[in-house]
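**Student:** My structure is in run.txt, and what it holds is compact mmCIF, C-alpha atoms:
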```
# COMPACT_ATOMS: atom_id res chain seq x y z
CA GLN A 16 117.80 95.19 83.76
CA LYS A 17 118.74 97.34 86.73
CA GLU A 18 121.86 96.41 88.70
CA VAL A 19 119.80 95.99 91.88
CA GLU A 20 116.22 94.75 91.97
CA GLN A 21 113.96 95.08 94.98
CA ASP A 22 110.24 94.40 95.31
CA PRO A 23 108.65 97.74 96.25
CA GLY A 24 105.79 96.11 98.15
CA PRO A 25 103.99 97.53 100.01
CA LEU A 26 104.24 94.93 102.75
CA SER A 27 101.82 94.98 105.67
CA VAL A 28 102.26 92.67 108.68
CA PRO A 29 100.86 92.39 112.21
CA GLU A 30 103.00 93.34 115.17
CA GLY A 31 105.25 90.48 116.24
CA ALA A 32 105.54 88.96 112.76
CA ILE A 33 108.81 87.94 111.14
CA VAL A 34 109.53 90.09 108.12
CA SER A 35 111.69 89.05 105.18
CA LEU A 36 112.97 91.65 102.73
CA ASN A 37 115.04 90.73 99.69
CA CYS A 38 117.14 92.10 96.84
CA THR A 39 118.78 90.54 93.84
CA TYR A 40 121.66 92.00 91.90
CA SER A 41 123.50 91.41 88.66
CA ASN A 42 127.00 92.83 89.27
CA SER A 43 129.21 90.06 90.64
CA ALA A 44 131.81 92.68 91.65
CA PHE A 45 129.64 93.93 94.51
CA GLN A 46 131.35 93.17 97.83
CA TYR A 47 129.74 95.51 100.34
CA PHE A 48 126.06 95.04 101.12
CA MET A 49 123.95 97.34 103.24
CA TRP A 50 120.41 97.90 104.37
CA TYR A 51 119.18 101.43 104.92
CA ARG A 52 115.95 102.39 106.65
CA GLN A 53 114.06 105.49 105.55
CA TYR A 54 111.22 106.96 107.56
CA SER A 55 108.67 109.11 105.78
CA ARG A 56 110.04 112.51 104.74
CA LYS A 57 113.51 111.68 106.12
CA GLY A 58 116.84 110.66 104.67
CA PRO A 59 117.96 107.01 104.68
CA GLU A 60 119.93 105.74 107.69
CA LEU A 61 122.27 102.76 107.74
CA LEU A 62 120.72 99.78 109.48
CA MET A 63 122.97 96.82 108.65
CA TYR A 64 126.27 96.31 106.85
CA THR A 65 127.84 93.08 105.57
CA TYR A 66 131.06 92.49 103.73
CA SER A 67 131.04 89.64 101.17
CA SER A 68 128.96 86.55 101.99
CA GLY A 69 127.51 85.37 105.27
CA ASN A 70 125.15 86.40 108.00
CA LYS A 71 125.17 89.27 110.45
CA GLU A 72 122.87 89.69 113.40
CA ASP A 73 122.08 92.85 115.37
CA GLY A 74 119.28 92.55 117.88
CA ARG A 75 116.06 91.76 116.03
CA PHE A 76 117.70 92.25 112.63
CA THR A 77 119.61 89.66 110.57
CA ALA A 78 121.25 90.36 107.24
CA GLN A 79 122.18 87.53 104.88
CA VAL A 80 124.25 87.61 101.72
CA ASP A 81 124.38 84.76 99.21
CA LYS A 82 126.87 85.82 96.56
CA SER A 83 126.50 82.60 94.58
CA SER A 84 122.84 83.45 93.99
CA LYS A 85 123.39 87.23 93.96
CA TYR A 86 120.70 87.52 96.61
CA ILE A 87 120.59 89.41 99.89
CA SER A 88 117.99 89.38 102.64
CA LEU A 89 117.03 91.29 105.75
CA PHE A 90 115.00 89.56 108.44
CA ILE A 91 113.19 91.42 111.19
CA ARG A 92 112.04 89.35 114.16
CA ASP A 93 109.26 90.42 116.51
CA SER A 94 108.41 93.35 114.26
CA GLN A 95 107.20 96.54 115.95
CA PRO A 96 105.07 99.45 114.69
CA SER A 97 108.24 101.57 114.96
CA ASP A 98 109.76 99.38 112.23
CA SER A 99 107.27 100.85 109.75
CA ALA A 100 109.47 102.50 107.12
CA THR A 101 110.92 101.95 103.68
CA TYR A 102 113.88 99.57 103.59
CA LEU A 103 116.47 100.03 100.87
CA CYS A 104 119.20 97.60 100.01
CA ALA A 105 122.46 99.08 98.78
CA MET A 106 125.72 97.69 97.52
CA ARG A 107 129.07 98.67 96.08
CA THR A 108 132.26 97.22 94.74
CA GLN A 109 135.56 97.00 96.59
CA GLY A 110 138.14 99.68 95.90
CA GLY A 111 137.93 102.40 93.28
CA SER A 112 134.47 103.87 92.99
CA GLU A 113 132.57 104.72 96.15
CA LYS A 114 129.31 104.67 94.25
CA LEU A 115 126.57 103.05 96.30
CA VAL A 116 123.83 101.48 94.18
CA PHE A 117 120.41 101.33 95.82
CA GLY A 118 117.35 99.19 95.31
CA LYS A 119 114.06 101.06 94.96
CA GLY A 120 113.06 100.19 98.51
CA THR A 121 110.28 98.12 100.10
CA LYS A 122 107.66 99.97 102.10
CA LEU A 123 106.82 98.09 105.31
CA THR A 124 103.92 98.74 107.63
CA VAL A 125 103.70 96.93 110.97
CA ASN A 126 100.17 97.09 112.36
CA PRO A 127 99.60 97.17 116.15
CA ASP B 6 124.94 116.47 117.01
CA ALA B 7 126.71 115.99 113.66
CA ARG B 8 124.41 115.86 110.68
CA VAL B 9 124.18 116.79 107.02
CA THR B 10 122.21 119.99 106.51
CA GLN B 11 120.33 120.69 103.29
CA THR B 12 118.53 123.82 102.13
CA PRO B 13 115.89 124.49 101.03
CA ARG B 14 113.75 121.67 102.45
CA HIS B 15 111.00 122.45 99.95
CA LYS B 16 111.03 124.35 96.69
CA VAL B 17 108.22 124.99 94.22
CA THR B 18 109.22 126.71 91.03
CA GLU B 19 108.09 127.18 87.47
CA MET B 20 109.56 125.51 84.47
CA GLY B 21 112.57 127.36 83.13
CA GLN B 22 113.64 128.83 86.46
CA GLU B 23 117.04 128.24 88.03
CA VAL B 24 117.14 126.12 91.17
CA THR B 25 120.06 125.93 93.58
CA MET B 26 120.23 123.39 96.39
CA ARG B 27 122.86 123.58 99.10
CA CYS B 28 124.41 121.03 101.39
CA GLN B 29 126.62 121.31 104.44
CA PRO B 30 128.35 117.94 104.99
CA ILE B 31 129.34 116.66 108.39
CA LEU B 32 132.50 118.42 109.54
CA GLY B 33 135.52 116.33 108.65
CA HIS B 34 133.78 114.21 106.02
CA ASN B 35 135.73 114.34 102.78
CA THR B 36 133.31 112.62 100.39
CA VAL B 37 130.02 114.19 99.38
CA PHE B 38 127.27 112.66 97.26
CA TRP B 39 124.19 114.01 95.51
CA TYR B 40 121.33 111.56 95.01
CA ARG B 41 117.88 112.03 93.48
CA GLN B 42 114.90 109.99 94.66
CA THR B 43 111.71 109.41 92.69
CA MET B 44 108.98 106.79 92.95
CA MET B 45 109.80 105.47 89.50
CA GLN B 46 113.59 105.28 89.70
CA GLY B 47 114.34 105.15 93.42
CA LEU B 48 117.63 106.64 94.62
CA GLU B 49 119.96 107.53 91.78
CA LEU B 50 123.47 108.89 92.16
CA LEU B 51 123.93 112.17 90.34
CA ALA B 52 127.50 113.06 91.33
CA TYR B 53 130.06 112.73 94.08
CA PHE B 54 133.14 114.55 95.26
CA ARG B 55 136.16 113.52 97.26
CA ASN B 56 138.25 116.25 98.87
CA ARG B 57 136.15 118.74 96.85
CA ALA B 58 137.20 117.21 93.50
CA PRO B 59 134.42 115.77 91.30
CA LEU B 60 134.95 112.03 90.82
CA ASP B 61 131.82 110.84 89.09
CA ASP B 62 129.02 112.91 87.58
CA SER B 63 127.90 110.35 85.02
CA GLY B 64 124.41 110.22 86.51
CA MET B 65 123.80 113.92 86.00
CA PRO B 66 122.20 115.49 82.89
CA LYS B 67 125.10 117.70 81.88
CA ASP B 68 123.11 120.16 79.82
CA ARG B 69 121.11 121.50 82.76
CA PHE B 70 122.67 120.22 85.98
CA SER B 71 125.88 121.30 87.63
CA ALA B 72 127.44 120.36 90.97
CA GLU B 73 130.25 122.10 92.79
CA MET B 74 132.04 122.25 96.13
CA PRO B 75 133.21 125.83 96.60
CA ASP B 76 134.75 124.80 99.91
CA ALA B 77 134.84 121.83 102.28
CA THR B 78 131.70 122.97 104.12
CA LEU B 79 129.44 123.60 101.13
CA ALA B 80 128.24 121.55 98.17
CA THR B 81 125.79 122.96 95.62
CA LEU B 82 123.56 121.40 93.00
CA LYS B 83 122.17 123.72 90.36
CA ILE B 84 119.50 123.10 87.75
CA GLN B 85 119.16 125.62 84.93
CA PRO B 86 116.66 125.63 83.32
CA SER B 87 114.42 123.42 85.47
CA GLU B 88 111.83 121.10 83.90
CA PRO B 89 108.81 119.29 85.38
CA ARG B 90 110.66 115.95 85.09
CA ASP B 91 113.21 117.29 87.60
CA SER B 92 110.56 117.11 90.33
CA ALA B 93 112.02 114.79 92.97
CA VAL B 94 113.65 114.72 96.38
CA TYR B 95 117.34 115.56 96.18
CA PHE B 96 119.54 114.12 98.91
CA CYS B 97 123.02 115.08 99.90
CA ALA B 98 125.11 112.54 101.81
CA SER B 99 128.60 112.59 103.22
CA LYS B 100 131.08 110.03 104.54
CA GLY B 101 134.37 110.07 106.34
CA GLY B 102 137.63 108.80 104.95
CA SER B 103 138.17 105.83 107.23
CA ALA B 104 138.06 102.38 105.66
CA ASP B 105 135.22 101.01 107.76
CA THR B 106 131.66 100.46 106.61
CA GLY B 107 131.84 103.56 104.49
CA GLU B 108 128.47 104.56 105.89
CA LEU B 109 126.76 107.40 104.09
CA PHE B 110 125.08 110.00 106.28
CA PHE B 111 122.13 111.54 104.50
CA GLY B 112 120.51 114.90 104.94
CA GLU B 113 116.74 115.23 105.11
CA GLY B 114 116.48 116.13 101.46
CA SER B 115 115.28 119.01 99.32
CA ARG B 116 111.85 118.34 97.85
CA LEU B 117 111.63 120.04 94.46
CA THR B 118 108.43 120.59 92.50
CA VAL B 119 108.71 122.11 89.04
CA LEU B 120 105.38 123.28 87.61
```
Output the file's structure in the form of structure tokens.
**Tutor:**
Amino acid sequence: QKEVEQDPGPLSVPEGAIVSLNCTYSNSAFQYFMWYRQYSRKGPELLMYTYSSGNKEDGRFTAQVDKSSKYISLFIRDSQPSDSATYLCAMRTQGGSEKLVFGKGTKLTVNP
Amino acid sequence: DARVTQTPRHKVTEMGQEVTMRCQPILGHNTVFWYRQTMMQGLELLAYFRNRAPLDDSGMPKDRFSAEMPDATLATLKIQPSEPRDSAVYFCASKGGSADTGELFFGEGSRLTVL
């Protein structure tokens, strides 16, 4: 079992839809949780960052962390064609190693 | 505009050849990572350096891969000899030393095809 599991999709939605992306993990020591967005033929870019449990909102994006269930989510409201990309969850422990463990990514297409 | 620069962007080579990929981290960033991305495995950490010292290379096949930081502005990843299974996109990423989000800044990757 991989440390971080993420459904690769692909996921196709109409413009304006609410998108839900999810990851599960097995390492209870993970404390930092991130979502990266990767456009085709580009490197990943940080989209959202959350420390420990809770919610974080930034514009149309909301990140949720449920440490009791080892489950994190990213919600995109009013999705736009420009949101079409691969979304990767990532996480790491606190202190010591700076190793960031990534999910495989979910490919999202938002259709106009 | 600060960014991580990787060369080459694309490389096609034959099995058995040596491949060297180079990375210029963002000026002032003291931690540099090498990741490999494939469809099957996703993004996997190969190695990372802090202040030019290797801290973790457990993800790297030691018999054929080597990673170095000759100076603070250059990181290299070498494969010798290359094999078809090494075909992937290799990303370099860097981060600063401040204790904030610890955001990784990725380059655009080096796409390697080994025939």
**Student:** In Å, rounded to a single decimal, give me how far CA of Ser67 in chain A is from CA of Met49 in chain A.
**Tutor:**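 Pair CA of Met49 in chain A / CA of Ser67 in chain A returns 10.7 Å.
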**Student:** What lies within 12 Å of Arg56 in chain A using all atoms listed in the file, ignoring chain neighbours under 3 positions off, as a ChimeraX atom specification?
**Tutor:** /A:52-53,59,100-101 /B:14-15,42,94-96,112-116
**Student:** Using only C-alpha atoms, please write the residues we just selected to a file, as a PDB file, in the frame of the given file.
**Tutor:**
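Result saved to selection-v9.pdb:
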```pdb
ATOM      1  CA  ARG A  52     115.950 102.390 106.650  1.00  0.00           C
ATOM      2  CA  GLN A  53     114.060 105.490 105.550  1.00  0.00           C
ATOM      3  CA  PRO A  59     117.960 107.010 104.680  1.00  0.00           C
ATOM      4  CA  ALA A 100     109.470 102.500 107.120  1.00  0.00           C
ATOM      5  CA  THR A 101     110.920 101.950 103.680  1.00  0.00           C
TER       6      THR A 101
ATOM      7  CA  ARG B  14     113.750 121.670 102.450  1.00  0.00           C
ATOM      8  CA  HIS B  15     111.000 122.450  99.950  1.00  0.00           C
ATOM      9  CA  GLN B  42     114.900 109.990  94.660  1.00  0.00           C
ATOM     10  CA  VAL B  94     113.650 114.720  96.380  1.00  0.00           C
ATOM     11  CA  TYR B  95     117.340 115.560  96.180  1.00  0.00           C
ATOM     12  CA  PHE B  96     119.540 114.120  98.910  1.00  0.00           C
ATOM     13  CA  GLY B 112     120.510 114.900 104.940  1.00  0.00           C
ATOM     14  CA  GLU B 113     116.740 115.230 105.110  1.00  0.00           C
ATOM     15  CA  GLY B 114     116.480 116.130 101.460  1.00  0.00           C
ATOM     16  CA  SER B 115     115.280 119.010  99.320  1.00  0.00           C
ATOM     17  CA  ARG B 116     111.850 118.340  97.850  1.00  0.00           C
TER      18      ARG B 116
END
```
**Student:** If we count all atoms listed in the file, which residues of chain A reach to within 6 Å of chain B? Please list them as a ChimeraX atom specification.
**Tutor:** /A:57-58,119
**Student:** Which neighbours of Gln29 in chain B fall inside 10 Å, counting all atoms listed in the file, when residues of the same chain fewer than 5 positions from it are skipped, and could you give them as a list in words?
**Tutor:**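 Here the answer would be Arg8, Val9, Thr10, Gln11, Thr12, Val37, Met74, Asp76, Ala77, Thr78, Leu79, Ala80, Thr81, Cys97, Ala98, Ser99 and Gly112 of chain B.
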**Student:** Identify the residues within 9 Å of coordinate (116.5, 118.3, 80.5) (same frame as the file), considering only C-alpha atoms, and give the answer as a list in words.
**Tutor:**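 Protein, DNA and RNA residues close to (116.5, 118.3, 80.5): Pro66, Lys67, Asp68, Arg69, Phe70, Gln85, Pro86, Ser87, Glu88, Arg90 and Asp91 of chain B.
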**Student:** What does the structure give for the distance between CA of Ala44 in chain A and CA of Gln79 in chain A, in Å to one decimal?
**Tutor:**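 These two atoms are separated by 17.2 Å.
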**Student:** Rank B:Leu32, B:Ala93, B:Val24, B:Leu117 by their smallest atom-to-atom distance to Ala72 in chain B, using all atoms listed in the file, and report the top residue only.
**Tutor:**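 Among the listed residues, B:Val24 lies closest to Ala72 in chain B.
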**Student:** What is the distance, in Å and to one decimal place, between CA of Arg92 in chain A and CA of Trp50 in chain A?
**Tutor:**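 One can read the CA of Arg92 in chain A to CA of Trp50 in chain A distance as 15.5 Å.
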**Student:** Neighbours of Gln21 in chain A within 8 Å (only C-alpha atoms; same-chain residues fewer than 5 positions away dropped), as a PyMOL selection string?
**Tutor:** chain A and resi 37-39+104+118-121
